[in-house]
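Enquirer: So here's run-v4.txt, just compact mmCIF, C-alpha atoms:
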```txt
# COMPACT_ATOMS: atom_id res chain seq x y z
CA MET A 1 68.52 1.80 27.92
CA THR A 2 66.75 3.86 30.56
CA PHE A 3 64.43 3.04 33.43
CA SER A 4 62.00 5.26 35.27
CA LYS A 5 58.83 5.55 37.31
CA THR A 6 56.27 7.95 35.95
CA SER A 7 52.70 9.08 36.45
CA GLN A 8 52.29 9.39 32.67
CA PRO A 9 52.93 6.02 30.95
CA SER A 10 54.15 6.14 27.36
CA GLN A 11 51.94 3.16 26.43
CA SER A 12 48.22 3.06 27.18
CA ALA A 13 46.76 0.40 29.46
CA PRO A 14 44.81 -2.33 27.63
CA PHE A 15 41.04 -2.78 27.71
CA ALA A 16 41.47 -6.35 29.03
CA CYS A 17 44.45 -8.03 30.67
CA PRO A 18 46.62 -9.70 28.00
CA VAL A 19 47.47 -12.46 30.47
CA CYS A 20 44.24 -13.47 32.25
CA GLU A 21 41.89 -11.73 29.78
CA ALA A 22 39.88 -10.06 32.58
CA GLN A 23 38.47 -6.54 32.18
CA ALA A 24 40.29 -5.29 35.25
CA SER A 25 42.03 -2.14 36.45
CA PHE A 26 45.74 -1.67 35.79
CA THR A 27 48.39 0.04 37.90
CA SER A 28 51.31 1.75 36.17
CA ILE A 29 54.59 0.41 37.60
CA GLN A 30 57.57 1.45 35.47
CA GLU A 31 58.75 2.90 32.15
CA TYR A 32 61.53 1.41 30.04
CA MET A 33 63.25 2.55 26.87
CA THR A 34 65.66 0.54 24.73
CA GLY A 35 66.89 2.18 21.55
CA LYS A 36 63.84 4.09 20.29
CA ALA A 37 61.32 1.59 21.71
CA LEU A 38 59.23 2.64 24.72
CA PHE A 39 57.54 0.16 27.06
CA SER A 40 55.20 0.59 30.03
CA LEU A 41 54.87 -1.93 32.85
CA TYR A 42 51.40 -2.49 34.35
CA GLU A 43 49.97 -4.76 37.03
CA CYS A 44 46.57 -6.41 36.59
CA SER A 45 44.22 -6.10 39.58
CA ALA A 46 42.64 -9.48 38.76
CA CYS A 47 45.53 -11.90 38.23
CA LYS A 48 48.34 -9.76 39.77
CA VAL A 49 50.67 -10.44 36.84
CA GLN A 50 52.83 -7.52 35.73
CA PHE A 51 53.06 -7.11 31.95
CA TRP A 52 54.77 -4.79 29.49
CA MET A 53 52.94 -2.84 26.82
CA PRO A 54 53.32 -3.28 23.88
CA PHE A 55 52.67 -6.94 24.72
CA ARG A 56 54.27 -8.68 21.76
CA ASN A 57 56.87 -11.43 21.40
CA PRO A 58 59.62 -10.28 18.98
CA GLY A 59 59.77 -13.65 17.16
CA ALA A 60 62.43 -16.27 16.51
CA ASP A 61 64.63 -13.98 14.38
CA TRP A 62 65.17 -11.57 17.28
CA TYR A 63 66.35 -14.37 19.60
CA GLU A 64 68.56 -15.97 16.96
CA GLN A 65 70.22 -12.64 16.11
CA ARG A 66 71.38 -12.27 19.71
CA GLY A 67 73.76 -15.14 18.96
CA ASP A 68 73.65 -16.69 22.45
CA ASN A 69 73.42 -20.25 21.13
CA THR A 70 76.41 -19.92 18.80
CA ILE A 71 78.49 -20.54 21.93
CA GLN A 72 76.81 -23.93 22.35
CA GLU A 73 77.50 -24.73 18.69
CA ALA A 74 81.19 -24.57 19.60
CA VAL A 75 81.05 -26.14 23.08
CA ALA A 76 78.38 -28.67 24.10
CA PRO A 77 76.31 -27.17 26.95
CA LYS A 78 75.96 -28.91 30.30
CA VAL A 79 73.06 -29.08 32.73
CA ARG A 80 73.65 -26.24 35.17
CA ARG A 81 70.26 -24.75 36.01
CA GLY A 82 68.54 -25.51 39.28
CA TYR A 83 65.17 -26.27 37.69
CA HIS A 84 66.76 -28.95 35.49
CA LYS A 85 68.54 -30.47 38.47
CA GLN A 86 65.25 -30.60 40.41
CA ILE A 87 63.76 -32.92 37.77
CA LEU A 88 66.91 -34.99 37.40
CA SER A 89 66.87 -35.58 41.18
CA LEU A 90 63.57 -37.47 40.89
CA SER A 91 63.69 -41.21 41.50
CA ASP A 92 64.05 -43.82 38.75
CA THR A 93 60.41 -44.77 39.40
CA ASP A 94 59.37 -41.21 38.56
CA LEU A 95 61.44 -41.09 35.36
CA GLN A 96 62.10 -44.55 33.90
CA GLY A 97 60.08 -45.06 30.74
CA LYS A 98 58.13 -41.81 31.15
CA LYS A 99 57.18 -39.67 28.17
CA VAL A 100 58.57 -36.16 28.76
CA LEU A 101 58.03 -32.97 26.77
CA ASP A 102 60.24 -29.93 27.36
CA VAL A 103 58.58 -26.76 26.06
CA GLY A 104 61.33 -24.27 25.27
CA CYS A 105 63.95 -27.01 25.29
CA GLY A 106 66.77 -24.73 24.08
CA THR A 107 69.94 -26.61 23.21
CA GLY A 108 68.73 -29.95 24.57
CA GLU A 109 71.23 -30.79 27.30
CA PHE A 110 68.39 -31.38 29.77
CA LEU A 111 66.54 -33.71 27.39
CA ALA A 112 69.76 -35.63 26.73
CA ALA A 113 70.20 -36.15 30.48
CA LEU A 114 66.58 -37.34 30.78
CA GLN A 115 67.04 -39.71 27.87
CA ALA A 116 70.07 -41.18 29.62
CA ARG A 117 67.79 -41.81 32.63
CA GLY A 118 65.44 -43.89 30.48
CA CYS A 119 62.86 -41.26 29.48
CA LYS A 120 61.29 -40.94 26.04
CA VAL A 121 61.83 -37.29 25.21
CA TRP A 122 60.35 -34.59 22.96
CA GLY A 123 61.27 -30.92 22.77
CA VAL A 124 60.26 -27.71 21.02
CA ASP A 125 61.89 -24.32 20.71
CA PHE A 126 61.40 -21.63 18.07
CA ASP A 127 65.15 -20.94 18.00
CA HIS A 128 66.48 -22.90 14.98
CA ILE A 129 70.08 -22.51 16.16
CA ALA A 130 69.27 -24.04 19.56
CA ILE A 131 67.47 -26.99 17.97
CA GLY A 132 70.43 -27.46 15.64
CA VAL A 133 72.66 -27.78 18.72
CA ALA A 134 70.22 -30.28 20.28
CA LYS A 135 70.38 -32.44 17.16
CA ASN A 136 74.08 -32.11 16.39
CA GLN A 137 75.60 -32.13 19.89
CA PHE A 138 73.19 -34.60 21.55
CA ARG A 139 71.73 -36.54 18.60
CA LEU A 140 68.19 -35.88 19.79
CA GLU A 141 65.51 -36.88 17.29
CA CYS A 142 62.12 -35.64 18.48
CA VAL A 143 63.07 -31.96 18.80
CA PHE A 144 61.39 -29.32 16.66
CA ALA A 145 62.20 -25.74 15.65
CA LEU A 146 58.61 -24.48 15.55
CA THR A 147 56.35 -21.91 17.14
CA LEU A 148 54.27 -23.35 19.97
CA GLY A 149 51.11 -23.03 17.88
CA ASP A 150 52.59 -24.95 14.93
CA PHE A 151 54.12 -27.59 17.20
CA PHE A 152 50.99 -28.42 19.17
CA LYS A 153 48.70 -28.24 16.13
CA ASN A 154 50.80 -30.02 13.51
CA VAL A 155 53.09 -32.52 15.27
CA SER A 156 51.67 -35.93 16.21
CA LEU A 157 52.18 -36.10 19.97
CA PRO A 158 51.45 -38.69 22.67
CA GLN A 159 49.91 -37.87 26.03
CA PHE A 160 52.84 -36.95 28.28
CA ASP A 161 53.58 -38.11 31.81
CA ILE A 162 55.70 -35.04 32.51
CA ILE A 163 55.77 -31.66 30.77
CA THR A 164 58.43 -29.11 31.68
CA CYS A 165 58.35 -25.44 30.72
CA PHE A 166 61.29 -23.56 32.23
CA GLU A 167 61.80 -19.80 31.81
CA VAL A 168 59.29 -19.67 28.94
CA ILE A 169 56.02 -18.23 30.22
CA GLU A 170 57.58 -14.77 30.67
CA HIS A 171 58.50 -14.73 26.94
CA VAL A 172 55.15 -15.62 25.38
CA ASP A 173 52.41 -13.16 24.45
CA ASN A 174 49.56 -15.56 25.31
CA PRO A 175 50.33 -17.41 28.58
CA LEU A 176 46.81 -18.90 28.85
CA ARG A 177 47.13 -20.45 25.40
CA LEU A 178 50.50 -21.93 26.38
CA LEU A 179 48.93 -23.53 29.46
CA ALA A 180 45.98 -24.75 27.37
CA TYR A 181 48.38 -26.52 24.97
CA ILE A 182 50.14 -28.14 27.92
CA ARG A 183 46.84 -29.23 29.48
CA LYS A 184 45.66 -30.80 26.22
CA THR A 185 48.74 -33.06 25.89
CA LEU A 186 49.09 -34.05 29.57
CA GLN A 187 48.09 -37.45 30.92
CA PRO A 188 45.17 -37.18 33.41
CA HIS A 189 47.55 -37.87 36.30
CA GLY A 190 50.54 -36.20 34.70
CA ARG A 191 52.80 -33.59 36.24
CA VAL A 192 53.78 -30.18 34.93
CA PHE A 193 56.88 -28.33 36.13
CA LEU A 194 57.31 -24.64 35.28
CA SER A 195 59.70 -21.92 36.33
CA THR A 196 59.88 -18.17 35.89
CA PRO A 197 62.00 -15.45 37.55
CA SER A 198 60.59 -14.16 40.83
CA ARG A 199 59.85 -10.47 40.48
CA VAL A 200 60.26 -9.92 44.23
CA ARG A 201 63.87 -11.14 44.25
CA ILE A 202 66.66 -8.85 45.48
CA ALA A 203 68.06 -6.55 42.75
CA ALA A 204 65.30 -7.64 40.35
CA ARG A 205 65.66 -4.53 38.20
CA SER A 206 69.38 -5.12 37.65
CA ASN A 207 68.90 -7.98 35.18
CA VAL A 208 68.70 -6.59 31.64
CA TRP A 209 67.34 -9.93 30.40
CA ASP A 210 64.19 -9.33 32.49
CA TYR A 211 63.09 -6.41 30.27
CA PRO A 212 61.24 -6.30 26.94
CA PRO A 213 61.32 -7.39 24.24
CA ASN A 214 62.97 -10.41 25.92
CA HIS A 215 60.58 -10.79 28.89
CA LEU A 216 56.99 -9.62 28.54
CA THR A 217 55.71 -10.50 32.03
CA ARG A 218 56.85 -10.54 35.65
CA TRP A 219 55.51 -13.03 38.16
CA SER A 220 55.01 -13.47 41.88
CA GLU A 221 53.89 -16.71 43.50
CA GLU A 222 50.37 -15.28 43.87
CA ALA A 223 50.20 -14.24 40.21
CA PHE A 224 51.48 -17.63 39.08
CA SER A 225 48.85 -19.44 41.14
CA ASN A 226 46.04 -17.20 39.85
CA VAL A 227 46.85 -17.86 36.18
CA ALA A 228 47.48 -21.57 36.70
CA GLN A 229 44.06 -21.99 38.32
CA LYS A 230 42.35 -20.08 35.52
CA ALA A 231 43.98 -22.50 33.05
CA GLY A 232 42.60 -25.54 34.89
CA PHE A 233 45.58 -26.45 37.07
CA GLN A 234 46.19 -26.52 40.78
CA VAL A 235 49.59 -25.65 42.21
CA HIS A 236 50.88 -28.74 43.95
CA ASN A 237 54.20 -27.41 45.20
CA VAL A 238 56.36 -24.26 44.96
CA ASN A 239 59.96 -23.53 45.84
CA TYR A 240 62.74 -21.24 44.60
CA VAL A 241 65.83 -22.26 42.62
CA ASP A 242 69.03 -20.61 41.39
CA GLN A 243 68.89 -18.00 44.15
CA PHE A 244 72.63 -17.41 44.39
CA ARG A 245 73.18 -17.75 40.64
CA ILE A 246 70.69 -15.02 39.72
CA LEU A 247 72.10 -12.69 42.38
CA LEU A 248 75.56 -13.27 40.89
CA GLU A 249 74.20 -12.54 37.39
CA SER A 250 72.64 -9.33 38.68
CA MET A 251 76.00 -8.08 39.91
CA GLN A 252 78.12 -9.06 36.91
CA GLY A 253 75.66 -8.12 34.14
CA SER A 254 77.02 -4.65 33.43
CA PHE A 255 80.60 -5.99 33.24
CA GLN A 256 80.05 -8.58 30.49
CA THR A 257 82.06 -7.94 27.33
CA GLY A 258 80.58 -10.50 24.92
CA LEU A 259 84.06 -11.94 24.30
CA VAL A 260 82.90 -15.57 24.59
CA LYS A 261 80.31 -15.01 21.87
CA LYS A 262 82.86 -13.27 19.60
CA VAL A 263 85.30 -16.18 19.93
CA ALA A 264 82.53 -18.73 19.28
CA MET A 265 81.61 -16.89 16.05
CA SER A 266 85.22 -16.41 14.87
CA SER A 267 86.82 -18.20 11.95
CA GLY A 268 88.89 -21.36 12.27
CA SER A 269 88.24 -25.07 12.71
CA SER A 270 85.38 -26.21 14.97
CA ARG A 271 87.90 -27.86 17.31
CA SER A 272 89.97 -24.67 17.58
CA ARG A 273 86.88 -22.55 18.27
CA ALA A 274 85.65 -25.06 20.86
CA ILE A 275 88.96 -24.97 22.74
CA LYS A 276 89.21 -21.16 22.66
CA THR A 277 85.55 -20.68 23.58
CA GLY A 278 85.82 -23.12 26.50
CA LEU A 279 88.92 -21.35 27.81
CA ILE A 280 87.43 -17.84 27.57
CA ARG A 281 84.23 -19.02 29.22
CA PHE A 282 86.19 -20.63 32.08
CA LEU A 283 88.18 -17.42 32.63
CA GLY A 284 84.93 -15.45 32.59
CA VAL A 285 83.48 -17.66 35.32
CA LEU A 286 86.63 -17.19 37.39
CA LYS A 287 86.36 -13.41 36.97
CA ALA A 288 82.72 -13.42 38.02
CA TYR A 289 83.39 -15.40 41.17
CA ALA A 290 86.52 -13.41 42.04
CA LEU A 291 84.74 -10.06 41.78
CA PHE A 292 81.16 -10.77 42.78
CA ALA A 293 80.86 -14.06 44.68
CA LEU A 294 81.30 -12.54 48.15
CA PRO A 295 78.78 -9.70 47.77
CA ALA A 296 76.32 -12.08 46.05
CA PHE A 297 76.77 -14.58 48.88
CA ALA A 298 76.16 -11.83 51.46
CA LEU A 299 72.92 -10.86 49.69
CA TRP A 300 71.91 -14.52 49.51
CA LEU A 301 72.44 -14.90 53.27
CA TYR A 302 70.45 -11.72 53.90
CA GLY A 303 67.67 -12.99 51.64
CA LYS A 304 67.53 -16.29 53.51
CA ALA A 305 67.34 -14.53 56.87
CA ALA A 306 64.73 -12.04 55.67
CA GLY A 307 62.60 -14.65 53.91
CA LYS A 308 63.12 -13.07 50.47
CA LYS A 309 61.78 -15.06 47.52
CA ASN A 310 64.90 -14.91 45.38
CA GLY A 311 65.80 -16.76 42.21
CA SER A 312 63.18 -18.42 40.02
CA ILE A 313 59.77 -19.68 41.08
CA PHE A 314 59.75 -23.47 40.55
CA ALA A 315 56.24 -24.89 40.61
CA GLU A 316 54.66 -28.29 40.13
CA LEU A 317 51.17 -28.20 38.62
CA ARG A 318 48.54 -30.90 38.33
CA LEU A 319 45.14 -30.92 36.70
CA LYS A 320 42.24 -29.76 38.84
CA GLY A 321 40.03 -32.51 40.27
```
If you convert what's in this file into structure tokens, what do you get?
Expert:
Amino acid sequence: MTFSKTSQPSQSAPFACPVCEAQASFTSIQEYMTGKALFSLYECSACKVQFWMPFRNPGADWYEQRGDNTIQEAVAPKVRRGYHKQILSLSDTDLQGKKVLDVGCGTGEFLAALQARGCKVWGVDFDHIAIGVAKNQFRLECVFALTLGDFFKNVSLPQFDIITCFEVIEHVDNPLRLLAYIRKTLQPHGRVFLSTPSRVRIAARSNVWDYPPNHLTRWSEEAFSNVAQKAGFQVHNVNYVDQFRILLESMQGSFQTGLVKKVAMSSGSSRSRAIKTGLIRFLGVLKAYALFALPAFALWLYGKAAGKKNGSIFAELRLKG
């Protein structure tokens, strides 16, 4: 993979912004090549979102072939992400008996924790392996391995009190349609919680996962607010989560060996694979903290002092009016 700035983008700018749909001007930001695929990053003058051309989600097969969720097939995942913990920290009054939809629910550990708090939960993810984990590891029933279009059009859904959509909007190739689906199934006084990586974080270009075809867009707080308002929402609150974690990931990314995934996909009984996978993962975490915790902590302290907007943008949205 290669990265560069150039005055001659490999991919042409679009006629209209693929995010906000405005006929705006577009600034060339960066070039990226992975394998034989070339991508150009642009910024829209209207909504301020940065997007990659070609602007196309690679589909469920591409995500499933990466094999990330085979690890969770061996070892049940736990709630570790800051955006999940933000919701789980809400009071019983905010959660008890509420209908909650998690868009991009992944392996379901967050929904299982909400269900234990008394919520009625639904989830959707186009990764069949992840939904299999949600059903098999957590016995969740109302979780669906579908595209967003098929889910919202073909599944009988209630009006939800809370809809969460964490680290999803940067993957989709029609963010306005995603927000329109959410708006349609939200109670009039419901709450929406979304997150997406902050593009102005320290060492933002060090995270390989933040490049296409995995991520199609990059967001600032201003860009997020612009698109939310166009979709009929107002931003009620914004903060930043997982600041230290993402800095740590930035530093260790180039040193990952994929050993945990190889062990999870190896032969042997499910119990044996679970034990071996858990042990290798634990040793990997120890290695990461031993090698990178201090420099990541120093960058985190610097970011705090300098007012850097690190980590992921965590926003609460409510319907306009």
Enquirer: Of the candidates A:Pro77, A:Gly59, A:Pro158, A:Gly97, which shows the shortest atom-to-atom distance to A:Trp122, using all atoms listed in the file?
Expert: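 Closest candidate: A:Pro158.
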Enquirer: Restricting the calculation to only C-alpha atoms, which member of A:Ala22, A:Leu157, A:Ala46, A:Val192 is positioned closest to A:Val238?
Expert: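 Ranked by minimum distance to A:Val238, first place goes to A:Val192.
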Enquirer: Around all of stretch 165-175 of chain A's listed atoms, make the axis-aligned box with 5 Å on each side and tell me centre and edge lengths in Å to one decimal, as JSON.
Expert:
```
{"center_x": 55.7, "center_y": -19.3, "center_z": 28.3, "size_x": 22.2, "size_y": 22.3, "size_z": 17.8}
```
Enquirer: Please compute the atom CA of A:Ser12-atom CA of A:Gln50 distance, one decimal, in Å.
Expert: 14.4 Å
Enquirer: How far is it from atom CA of A:Met33 to atom CA of A:Ser10, in Å with one decimal?
Expert: 9.8 Å
Enquirer: Using all atoms listed in the file, which residue out of A:Val143, A:Ile162, A:Cys20, A:Ile29 lies closest to A:Lys98?
Expert: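 Of the candidates, the smallest distance to A:Lys98 is held by A:Ile162.
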Enquirer: Between A:Cys142, A:Val79, A:Leu194, A:Cys47, single out the one closest to A:Glu167, counting all atoms listed in the file.
Expert: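 Ranked by minimum distance to A:Glu167, first place goes to A:Leu194.
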Enquirer: Could you check which of A:Phe314, A:Phe51, A:Phe297, A:Phe166 is closest to A:Pro212, using all atoms listed in the file?
Expert: A:Phe51
Enquirer: Record the distance separating atom CA of A:Ala293 and atom CA of A:Gln243, expressed in Å with one decimal.
Expert: 12.6 Å
Enquirer: Using all atoms listed in the file, which residues sit within 8 Å of A:Val49 once same-chain residues fewer than 4 positions away are excluded, as a list in words?
Expert: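 Using all atoms listed in the file, the neighbours found are Val19, Glu43, Cys44, Thr217, Arg218, Trp219, Ser220, Ala223 and Phe224 of chain A.
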Enquirer: Rank A:Ala112, A:Leu301, A:Ile169, A:Val103 by their smallest atom-to-atom distance to A:Phe151, using all atoms listed in the file, and report the top residue only.
Expert: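 Under the stated criterion, the closest residue is A:Val103.
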Enquirer: Quick one: residues within 6 Å of A:Glu316, all atoms listed in the file, excluding same-chain residues fewer than 5 positions away - as a PyMOL selection string?
Expert: chain A and resi 192-193+236-237
Enquirer: Skip A:Leu178 itself and residues of its chain fewer than 6 positions away, then list as a VMD selection string all residues within 10 Å of it, counting only C-alpha atoms.
Expert: chain A and resid 103 148 to 149 152 165 168 to 169 172 231
Enquirer: Excluding same-chain residues fewer than 4 positions from A:Pro9, what lies within 12 Å of it counting all atoms listed in the file, as a list in words?
Expert: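 Near neighbours after the sequence-gap exclusion: Ser4, Lys5, Ala13, Phe26, Thr27, Ser28, Ile29, Gln30, Glu31, Tyr32, Met33, Leu38, Phe39, Ser40, Leu41, Tyr42, Trp52, Met53 and Pro54 of chain A.
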